[in-house]
$ cat upload-v2.cif   # mmCIF, C-alpha atoms and all ligand atoms
data_input
#
loop_
_atom_site.label_atom_id
_atom_site.label_comp_id
_atom_site.auth_asym_id
_atom_site.auth_seq_id
_atom_site.Cartn_x
_atom_site.Cartn_y
_atom_site.Cartn_z
CA GLN A 1 75.48 82.00 -108.84
CA PRO A 2 72.40 82.51 -111.04
CA ILE A 3 72.62 85.09 -113.81
CA PRO A 4 70.04 87.80 -113.00
CA VAL A 5 67.30 88.61 -115.50
CA ILE A 6 64.97 91.59 -115.65
CA THR A 7 61.92 90.85 -117.76
CA ILE A 8 60.06 93.71 -119.40
CA ASP A 9 56.85 92.63 -121.11
CA GLY A 10 53.99 94.55 -122.65
CA PRO A 11 51.99 95.21 -125.80
CA SER A 12 53.36 96.61 -129.05
CA GLY A 13 54.11 100.31 -129.19
CA VAL A 14 54.44 100.72 -125.44
CA GLY A 15 58.08 101.82 -125.65
CA LYS A 16 59.56 98.54 -124.45
CA GLY A 17 62.34 98.51 -127.02
CA THR A 18 63.71 101.92 -126.10
CA THR A 19 63.23 101.33 -122.39
CA CYS A 20 64.92 97.93 -122.41
CA ALA A 21 67.89 99.23 -124.39
CA LEU A 22 68.37 102.03 -121.86
CA VAL A 23 68.07 99.72 -118.85
CA ALA A 24 70.56 97.27 -120.38
CA GLU A 25 72.94 100.13 -121.19
CA GLN A 26 72.77 101.58 -117.68
CA LEU A 27 73.44 98.20 -116.09
CA GLY A 28 75.95 97.06 -118.71
CA TRP A 29 73.88 93.92 -119.23
CA HIS A 30 72.93 91.89 -122.30
CA LEU A 31 69.69 92.62 -124.11
CA LEU A 32 67.21 90.20 -125.61
CA ASP A 33 64.64 91.64 -128.01
CA SER A 34 62.60 88.44 -128.24
CA GLY A 35 60.19 90.01 -130.74
CA SER A 36 63.03 90.18 -133.25
CA ILE A 37 63.32 86.38 -133.15
CA TYR A 38 59.61 86.00 -133.95
CA ARG A 39 59.99 88.69 -136.61
CA ALA A 40 63.00 86.91 -138.14
CA LEU A 41 60.98 83.73 -138.46
CA ALA A 42 58.14 85.77 -139.96
CA LEU A 43 60.52 87.34 -142.48
CA LYS A 44 61.81 83.91 -143.47
CA VAL A 45 58.22 82.70 -143.90
CA MET A 46 57.44 85.65 -146.17
CA LYS A 47 60.67 85.39 -148.18
CA ALA A 48 60.28 81.67 -148.73
CA SER A 49 56.54 82.09 -149.42
CA ILE A 50 55.72 79.47 -146.83
CA ASP A 51 52.02 78.73 -146.49
CA THR A 52 51.05 79.79 -142.94
CA LYS A 53 48.61 76.89 -142.84
CA ASP A 54 51.46 74.42 -143.28
CA GLU A 55 52.28 74.05 -139.56
CA ALA A 56 54.80 71.25 -140.05
CA LEU A 57 56.84 73.38 -142.43
CA LEU A 58 56.56 76.42 -140.13
CA ILE A 59 57.87 74.40 -137.20
CA GLU A 60 60.69 72.92 -139.28
CA THR A 61 61.60 76.46 -140.41
CA ALA A 62 61.60 77.69 -136.80
CA LYS A 63 63.91 74.88 -135.75
CA SER A 64 66.41 75.35 -138.56
CA LEU A 65 66.36 79.15 -138.67
CA GLN A 66 69.84 80.48 -139.48
CA LEU A 67 69.82 83.48 -137.20
CA SER A 68 72.66 85.35 -135.50
CA PHE A 69 72.96 88.40 -133.27
CA THR A 70 76.24 90.29 -133.17
CA VAL A 71 76.73 93.19 -130.79
CA ALA A 72 79.04 95.87 -132.20
CA ASP A 73 81.38 98.07 -130.13
CA ASP A 74 78.85 100.91 -130.18
CA GLY A 75 76.27 98.62 -128.56
CA THR A 76 74.09 98.18 -131.65
CA THR A 77 73.06 94.67 -132.59
CA GLN A 78 73.39 93.33 -136.09
CA ILE A 79 70.82 90.65 -136.87
CA LYS A 80 71.62 88.23 -139.67
CA LEU A 81 69.14 85.84 -141.24
CA ASP A 82 70.67 83.35 -143.66
CA GLY A 83 73.79 85.51 -143.62
CA GLU A 84 71.95 88.69 -144.62
CA VAL A 85 71.66 91.75 -142.32
CA VAL A 86 67.93 92.16 -141.76
CA ASN A 87 67.59 94.79 -138.99
CA GLU A 88 65.62 97.18 -141.19
CA GLN A 89 63.40 94.53 -142.78
CA LEU A 90 62.45 93.17 -139.37
CA ARG A 91 60.91 96.49 -138.32
CA SER A 92 58.24 96.54 -141.04
CA GLU A 93 54.58 96.36 -140.04
CA ALA A 94 54.17 93.38 -142.36
CA CYS A 95 56.82 91.50 -140.40
CA GLY A 96 55.26 92.34 -137.03
CA ASP A 97 51.90 91.32 -138.34
CA MET A 98 53.15 88.00 -139.69
CA ALA A 99 55.03 87.40 -136.41
CA SER A 100 51.85 87.70 -134.39
CA LYS A 101 50.10 85.30 -136.76
CA ILE A 102 52.63 82.51 -136.31
CA ALA A 103 53.47 83.21 -132.64
CA PRO A 104 50.36 81.41 -131.27
CA ILE A 105 51.58 78.01 -132.50
CA PRO A 106 52.88 76.15 -129.41
CA ALA A 107 55.58 74.15 -131.23
CA ILE A 108 56.93 77.36 -132.74
CA ARG A 109 57.18 78.98 -129.32
CA GLN A 110 58.90 75.85 -128.07
CA ALA A 111 61.38 75.89 -130.95
CA LEU A 112 62.27 79.52 -130.24
CA PHE A 113 62.44 79.05 -126.44
CA ILE A 114 66.01 77.74 -126.35
CA ARG A 115 67.28 80.56 -128.59
CA GLN A 116 65.91 83.05 -126.07
CA LYS A 117 67.39 81.20 -123.10
CA ALA A 118 70.84 81.43 -124.72
CA PHE A 119 70.84 85.20 -124.12
CA GLN A 120 71.10 84.69 -120.36
CA ARG A 121 74.78 85.43 -119.88
CA HIS A 122 76.93 87.19 -117.29
CA PRO A 123 76.63 89.75 -115.85
CA GLY A 124 72.87 89.82 -116.51
CA LEU A 125 70.07 90.09 -119.03
CA VAL A 126 67.26 92.51 -119.80
CA ALA A 127 64.59 90.55 -121.70
CA ASP A 128 62.00 92.36 -123.79
CA GLY A 129 58.85 90.58 -125.00
CA ARG A 130 55.38 89.30 -124.26
CA ASP A 131 56.03 86.20 -122.14
CA MET A 132 59.49 86.83 -120.68
CA GLY A 133 58.18 86.91 -117.11
CA THR A 134 55.43 84.31 -117.51
CA VAL A 135 57.22 81.62 -119.55
CA VAL A 136 60.81 82.12 -120.68
CA PHE A 137 62.40 83.59 -117.52
CA LYS A 138 59.88 82.56 -114.89
CA SER A 139 62.26 82.89 -111.97
CA ALA A 140 63.55 86.37 -112.86
CA PRO A 141 64.13 88.46 -109.72
CA LEU A 142 62.49 91.49 -111.32
CA LYS A 143 59.51 91.47 -113.68
CA VAL A 144 58.07 94.62 -115.17
CA PHE A 145 54.94 94.93 -117.30
CA LEU A 146 54.51 98.14 -119.27
CA THR A 147 51.10 99.30 -120.46
CA ALA A 148 49.70 102.39 -122.19
CA ASN A 149 46.35 102.98 -123.81
CA ALA A 150 46.12 102.04 -127.48
CA GLU A 151 45.70 105.67 -128.68
CA GLU A 152 48.90 106.71 -126.96
CA ARG A 153 50.76 103.74 -128.42
CA ALA A 154 49.48 104.53 -131.91
CA LYS A 155 50.70 108.11 -131.48
CA ARG A 156 54.13 106.93 -130.36
CA ARG A 157 54.42 104.52 -133.26
CA HIS A 158 53.33 107.29 -135.64
CA LYS A 159 56.04 109.61 -134.34
CA GLN A 160 58.65 106.88 -134.61
CA LEU A 161 57.68 106.06 -138.21
CA LYS A 162 57.55 109.74 -139.17
CA LEU A 163 61.14 110.16 -138.02
CA LYS A 164 62.02 107.35 -140.39
CA GLY A 165 60.20 109.12 -143.20
CA VAL A 166 57.30 106.67 -143.22
CA ASP A 167 53.91 108.35 -143.50
CA VAL A 168 51.07 106.25 -142.11
CA LYS A 169 47.71 107.35 -140.75
CA ILE A 170 47.36 107.16 -136.94
CA ARG A 171 43.99 105.52 -137.46
CA ALA A 172 45.50 102.67 -139.45
CA LEU A 173 48.18 102.20 -136.80
CA LEU A 174 45.55 102.16 -134.07
CA GLU A 175 43.59 99.48 -135.89
CA ASP A 176 46.74 97.44 -136.38
CA ILE A 177 47.71 97.80 -132.69
CA GLU A 178 44.25 96.79 -131.53
CA ALA A 179 44.17 93.75 -133.80
CA ARG A 180 47.62 92.67 -132.62
CA ASP A 181 46.69 93.24 -128.95
CA PHE A 182 43.65 91.07 -129.42
CA ARG A 183 45.62 88.25 -131.05
CA ASP A 184 48.45 88.44 -128.52
CA SER A 185 46.26 88.52 -125.42
CA THR A 186 43.63 85.97 -126.41
CA ARG A 187 45.90 83.21 -127.69
CA LYS A 188 45.91 80.02 -125.63
CA VAL A 189 49.66 79.66 -125.30
CA ALA A 190 51.70 82.33 -123.53
CA PRO A 191 49.11 85.09 -123.90
CA LEU A 192 50.11 88.66 -123.19
CA VAL A 193 49.33 89.00 -119.48
CA PRO A 194 51.41 90.36 -116.61
CA ALA A 195 53.08 87.68 -114.47
CA ALA A 196 51.48 87.43 -111.02
CA ASP A 197 54.66 88.88 -109.52
CA ALA A 198 55.17 91.62 -112.14
CA HIS A 199 55.32 95.33 -111.38
CA VAL A 200 52.82 96.98 -113.73
CA ILE A 201 53.69 100.48 -114.91
CA ASP A 202 51.14 102.48 -116.93
CA THR A 203 53.28 104.67 -119.16
CA SER A 204 50.43 106.57 -120.88
CA ASP A 205 51.37 109.82 -119.14
CA LEU A 206 55.04 109.13 -118.50
CA SER A 207 58.14 110.08 -120.45
CA ILE A 208 60.78 107.46 -121.27
CA LYS A 209 62.98 109.15 -118.65
CA GLN A 210 60.32 108.73 -115.98
CA VAL A 211 59.73 105.08 -116.89
CA LEU A 212 63.47 104.44 -116.80
CA ALA A 213 63.74 106.06 -113.35
CA GLN A 214 60.93 103.85 -112.00
CA ILE A 215 62.54 100.71 -113.36
CA MET A 216 66.00 101.59 -112.04
CA ASN A 217 64.36 102.15 -108.68
CA LEU A 218 62.84 98.67 -108.83
CA VAL A 219 66.22 97.25 -109.84
CA GLU A 220 67.79 98.70 -106.70
CA GLN A 221 65.08 97.18 -104.53
CA ASN A 222 64.80 93.77 -106.18
CA VAL A 223 67.96 92.71 -107.96
O1 LIG A 301 57.62 93.01 -129.91
P1 LIG A 301 57.41 92.86 -131.39
O2 LIG A 301 56.42 93.84 -131.94
O3 LIG A 301 58.70 92.92 -132.13
O4 LIG A 301 56.82 91.40 -131.59
C1 LIG A 301 56.20 91.01 -132.78
C2 LIG A 301 55.20 89.90 -132.49
O5 LIG A 301 55.89 88.72 -132.06
C3 LIG A 301 54.22 90.20 -131.36
O6 LIG A 301 53.06 90.87 -131.82
C4 LIG A 301 53.89 88.82 -130.81
O7 LIG A 301 52.84 88.21 -131.51
C5 LIG A 301 55.15 88.03 -131.07
N1 LIG A 301 55.95 87.87 -129.86
C6 LIG A 301 55.61 86.86 -128.98
N2 LIG A 301 56.36 86.63 -127.88
C7 LIG A 301 57.42 87.40 -127.60
C8 LIG A 301 57.78 88.46 -128.46
C9 LIG A 301 57.01 88.67 -129.59
O8 LIG A 301 54.64 86.16 -129.20
N3 LIG A 301 58.15 87.15 -126.52
#
$ encode --input "upload-v2.cif" --output "structure tokens"
Amino acid sequence: QPIPVITIDGPSGVGKGTTCALVAEQLGWHLLDSGSIYRALALKVMKASIDTKDEALLIETAKSLQLSFTVADDGTTQIKLDGEVVNEQLRSEACGDMASKIAPIPAIRQALFIRQKAFQRHPGLVADGRDMGTVVFKSAPLKVFLTANAEERAKRRHKQLKLKGVDVKIRALLEDIEARDFRDSTRKVAPLVPAADAHVIDTSDLSIKQVLAQIMNLVEQNV
């Protein structure tokens, strides 16, 4: 019996992370935050001062990345890179930015593919990313694509950062989001586009609760 997967793709700042965590929690399924794998590689690249033009070294680093995910009893995931807990470091804008710079390299995506596949375990998986429905879990029974206009996403990101005590201008966040959207959706390999069979939900005017309700509805109909 195949292990069911729900893919939830979309641009940065759309609320995928929160939504996916809630869907996984409600279903009691595993959760893959695929962005954190790209971010972990990005962090390693920054820490080791690897030249981003040195593709061979980037690919080698992707292949040998010492990365582990441990789910605690309270459901939180501890991410270790080279034995060090890096959850906080992975969330930085610098890390996200570096991730989107190295993510277009096909051999890097290939090297990280198998690590993502490994998350597909019983009783099921909720996969969060950019190409979960188009590349990594192509035969998933339910594919969702979340969108929201860039202004709304910048506002959400701003609120999230403010709660963490980080003060950034909305304008700077908007510019960053637009630059990242452009890179992610125009790259040749696994660009950010909804799968042909994805259910697209525009969340611009929806609360997390409303988005969750729509997805759970789709789960009942499709999984
Ligand atoms: O989702 P998150 O912001 O953590 O992802 C960081 C970056 O990693 C994205 O901007 C994207 O370039 C890359 N990424 C990707 N494919 C995924 C997940 C993330 O290319 N499945």
$ closest_atom_pairs --input "upload-v2.cif" --of "chain A" --to "ligand LIG 301 (chain A)" --cutoff "9 Å" --atoms "all atoms listed in the file" --output "tab-separated table"
residue	atom	partner	partner_atom	distance
A:Asp9	CA	A:LIG301	N3	7.8
A:Gly10	CA	A:LIG301	O1	8.3
A:Pro11	CA	A:LIG301	O1	7.3
A:Ser12	CA	A:LIG301	O2	5.0
A:Gly13	CA	A:LIG301	O2	7.4
A:Lys16	CA	A:LIG301	O1	8.0
A:Gly17	CA	A:LIG301	O1	7.8
A:Asp33	CA	A:LIG301	O3	7.3
A:Ser34	CA	A:LIG301	C8	4.8
A:Gly35	CA	A:LIG301	O3	3.6
A:Ser36	CA	A:LIG301	O3	5.2
A:Ile37	CA	A:LIG301	C8	7.6
A:Tyr38	CA	A:LIG301	O5	5.0
A:Arg39	CA	A:LIG301	C1	5.9
A:Ala42	CA	A:LIG301	O5	8.7
A:Leu90	CA	A:LIG301	O3	8.2
A:Arg91	CA	A:LIG301	O3	7.5
A:Glu93	CA	A:LIG301	O2	8.7
A:Cys95	CA	A:LIG301	C1	7.7
A:Gly96	CA	A:LIG301	C1	4.6
A:Asp97	CA	A:LIG301	O6	6.6
A:Met98	CA	A:LIG301	C2	7.7
A:Ala99	CA	A:LIG301	O5	4.6
A:Ser100	CA	A:LIG301	O7	3.1
A:Lys101	CA	A:LIG301	O7	6.6
A:Ile102	CA	A:LIG301	O7	7.5
A:Ala103	CA	A:LIG301	O8	4.7
A:Pro104	CA	A:LIG301	O8	6.7
A:Arg109	CA	A:LIG301	O8	7.6
A:Gln116	CA	A:LIG301	N3	8.8
A:Ala127	CA	A:LIG301	N3	8.7
A:Asp128	CA	A:LIG301	N3	7.0
A:Gly129	CA	A:LIG301	N3	3.8
A:Arg130	CA	A:LIG301	N3	4.2
A:Asp131	CA	A:LIG301	N3	5.0
A:Met132	CA	A:LIG301	N3	6.0
A:Val135	CA	A:LIG301	N3	8.9
A:Val136	CA	A:LIG301	N3	8.2
A:Ile177	CA	A:LIG301	O6	8.8
A:Arg180	CA	A:LIG301	O6	5.8
A:Asp181	CA	A:LIG301	O6	7.4
A:Arg183	CA	A:LIG301	O7	7.2
A:Asp184	CA	A:LIG301	O7	5.3
A:Ser185	CA	A:LIG301	O7	9.0
A:Ala190	CA	A:LIG301	O8	7.4
A:Pro191	CA	A:LIG301	O8	7.7
A:Leu192	CA	A:LIG301	O8	7.9
$ atom_distance --input "upload-v2.cif" --atom1 "CA of Ala111 (chain A)" --atom2 "CA of Ile59 (chain A)"
7.3 Å
$ axis_aligned_box --input "upload-v2.cif" --around "region 50-65 of chain A" --padding-each-side "5 Å" --output "lines of an AutoDock Vina configuration file"
center_x = 57.5
center_y = 75.5
center_z = -141.3
size_x = 27.8
size_y = 18.5
size_z = 21.1
$ atom_distance --input "upload-v2.cif" --atom1 "CA of Ile215 (chain A)" --atom2 "CA of Lys143 (chain A)"
9.7 Å
$ atom_distance --input "upload-v2.cif" --atom1 "CA of Pro2 (chain A)" --atom2 "CA of Pro141 (chain A)"
10.3 Å
$ closest_residue --input "upload-v2.cif" --among "A:Lys155, A:His199, A:Lys47, A:Arg121" --to "Gly133 (chain A)" --atoms "only C-alpha atoms"
A:His199
$ closest_residue --input "upload-v2.cif" --among "A:Lys53, A:Glu25, A:Asn87, A:Leu112" --to "Leu65 (chain A)" --atoms "only C-alpha atoms"
A:Leu112
$ closest_residue --input "upload-v2.cif" --among "A:Lys164, A:Lys80, A:Arg187, A:Lys117" --to "Leu32 (chain A)" --atoms "all atoms listed in the file"
A:Lys117
$ closest_residue --input "upload-v2.cif" --among "A:Leu163, A:Met216, A:Val45, A:Val144" --to "Ala94 (chain A)" --atoms "only C-alpha atoms"
A:Val45
$ closest_atom_pairs --input "upload-v2.cif" --of "region 50-77 of chain A" --to "region 20-23 of chain A" --cutoff "12 Å" --atoms "only C-alpha atoms" --output "Markdown table"
| residue | atom | partner | partner_atom | distance |
| --- | --- | --- | --- | --- |
| A:Gly75 | CA | A:Ala21 | CA | 9.4 |
| A:Thr76 | CA | A:Ala21 | CA | 9.6 |
| A:Thr77 | CA | A:Ala21 | CA | 10.7 |
$ residues_around --input "upload-v2.cif" --residues "Glu60 (chain A)" --least-positions-apart "6" --cutoff "12 Å" --atoms "all atoms listed in the file" --output "PyMOL selection string"
chain A and resi 41+44-45+50+54+66+107-108+110-112
$ closest_residue --input "upload-v2.cif" --among "A:Val166, A:Leu31, A:Lys159, A:Thr18" --to "Phe119 (chain A)" --atoms "all atoms listed in the file"
A:Leu31
$ closest_residue --input "upload-v2.cif" --among "A:Leu81, A:Leu212, A:Ala150, A:Val200" --to "Ile170 (chain A)" --atoms "all atoms listed in the file"
A:Ala150
$ residues_around --input "upload-v2.cif" --residues "Glu152 (chain A)" --least-positions-apart "2" --cutoff "10 Å" --atoms "all atoms listed in the file" --output "list in words"
Gly13, Val14, Ala148, Asn149, Ala150, Ala154, Lys155, Arg156, Arg157, His158, Leu174, Thr203, Ser204 and Asp205 of chain A
$ residues_around --input "upload-v2.cif" --residues "Ile3 (chain A)" --least-positions-apart "2" --cutoff "9 Å" --atoms "only C-alpha atoms" --output "VMD selection string"
chain A and resid 1 5 120 to 125
$ decode --input "upload-v2.cif" --residues "region 110-129 of chain A" --atoms "N, CA and C atoms" --output "mmCIF file, in the first residue's frame"
data_model
loop_
_atom_site.group_PDB
_atom_site.id
_atom_site.type_symbol
_atom_site.label_atom_id
_atom_site.label_comp_id
_atom_site.auth_asym_id
_atom_site.auth_seq_id
_atom_site.Cartn_x
_atom_site.Cartn_y
_atom_site.Cartn_z
ATOM 1 N N GLN A 110 19.298 17.290 -7.436
ATOM 2 C CA GLN A 110 19.360 15.837 -7.530
ATOM 3 C C GLN A 110 19.947 15.239 -6.255
ATOM 4 N N ALA A 111 20.984 15.866 -5.741
ATOM 5 C CA ALA A 111 21.635 15.361 -4.531
ATOM 6 C C ALA A 111 20.694 15.441 -3.328
ATOM 7 N N LEU A 112 19.819 16.435 -3.319
ATOM 8 C CA LEU A 112 18.921 16.605 -2.171
ATOM 9 C C LEU A 112 17.609 15.828 -2.330
ATOM 10 N N PHE A 113 17.364 15.336 -3.542
ATOM 11 C CA PHE A 113 16.124 14.607 -3.864
ATOM 12 C C PHE A 113 15.891 13.418 -2.932
ATOM 13 N N ILE A 114 16.905 12.574 -2.806
ATOM 14 C CA ILE A 114 16.775 11.346 -2.036
ATOM 15 C C ILE A 114 16.524 11.623 -0.548
ATOM 16 N N ARG A 115 17.130 12.710 -0.048
ATOM 17 C CA ARG A 115 16.916 13.079 1.360
ATOM 18 C C ARG A 115 15.459 13.439 1.605
ATOM 19 N N GLN A 116 14.833 14.046 0.576
ATOM 20 C CA GLN A 116 13.434 14.439 0.711
ATOM 21 C C GLN A 116 12.528 13.216 0.626
ATOM 22 N N LYS A 117 12.867 12.307 -0.293
ATOM 23 C CA LYS A 117 12.097 11.073 -0.453
ATOM 24 C C LYS A 117 12.031 10.261 0.841
ATOM 25 N N ALA A 118 13.128 10.315 1.608
ATOM 26 C CA ALA A 118 13.232 9.519 2.834
ATOM 27 C C ALA A 118 12.181 9.895 3.882
ATOM 28 N N PHE A 119 11.562 11.059 3.710
ATOM 29 C CA PHE A 119 10.544 11.495 4.672
ATOM 30 C C PHE A 119 9.198 10.802 4.460
ATOM 31 N N GLN A 120 9.061 10.119 3.331
ATOM 32 C CA GLN A 120 7.786 9.441 3.032
ATOM 33 C C GLN A 120 7.683 8.161 3.849
ATOM 34 N N ARG A 121 7.055 8.280 5.023
ATOM 35 C CA ARG A 121 6.929 7.137 5.918
ATOM 36 C C ARG A 121 5.487 7.023 6.405
ATOM 37 N N HIS A 122 5.124 5.824 6.865
ATOM 38 C CA HIS A 122 3.773 5.622 7.384
ATOM 39 C C HIS A 122 3.523 6.486 8.597
ATOM 40 N N PRO A 123 2.305 6.991 8.799
ATOM 41 C CA PRO A 123 1.111 6.733 7.991
ATOM 42 C C PRO A 123 0.939 7.684 6.807
ATOM 43 N N GLY A 124 1.784 8.712 6.695
ATOM 44 C CA GLY A 124 1.644 9.638 5.574
ATOM 45 C C GLY A 124 2.559 10.834 5.752
ATOM 46 N N LEU A 125 2.643 11.648 4.692
ATOM 47 C CA LEU A 125 3.556 12.790 4.723
ATOM 48 C C LEU A 125 2.907 14.057 4.172
ATOM 49 N N VAL A 126 3.167 15.156 4.848
ATOM 50 C CA VAL A 126 2.792 16.471 4.334
ATOM 51 C C VAL A 126 4.104 17.123 3.911
ATOM 52 N N ALA A 127 4.241 17.418 2.614
ATOM 53 C CA ALA A 127 5.506 17.945 2.097
ATOM 54 C C ALA A 127 5.374 19.403 1.671
ATOM 55 N N ASP A 128 6.200 20.234 2.276
ATOM 56 C CA ASP A 128 6.168 21.684 2.076
ATOM 57 C C ASP A 128 7.353 22.107 1.206
ATOM 58 N N GLY A 129 7.099 22.848 0.128
ATOM 59 C CA GLY A 129 8.227 23.302 -0.697
ATOM 60 C C GLY A 129 7.848 24.087 -1.929
#
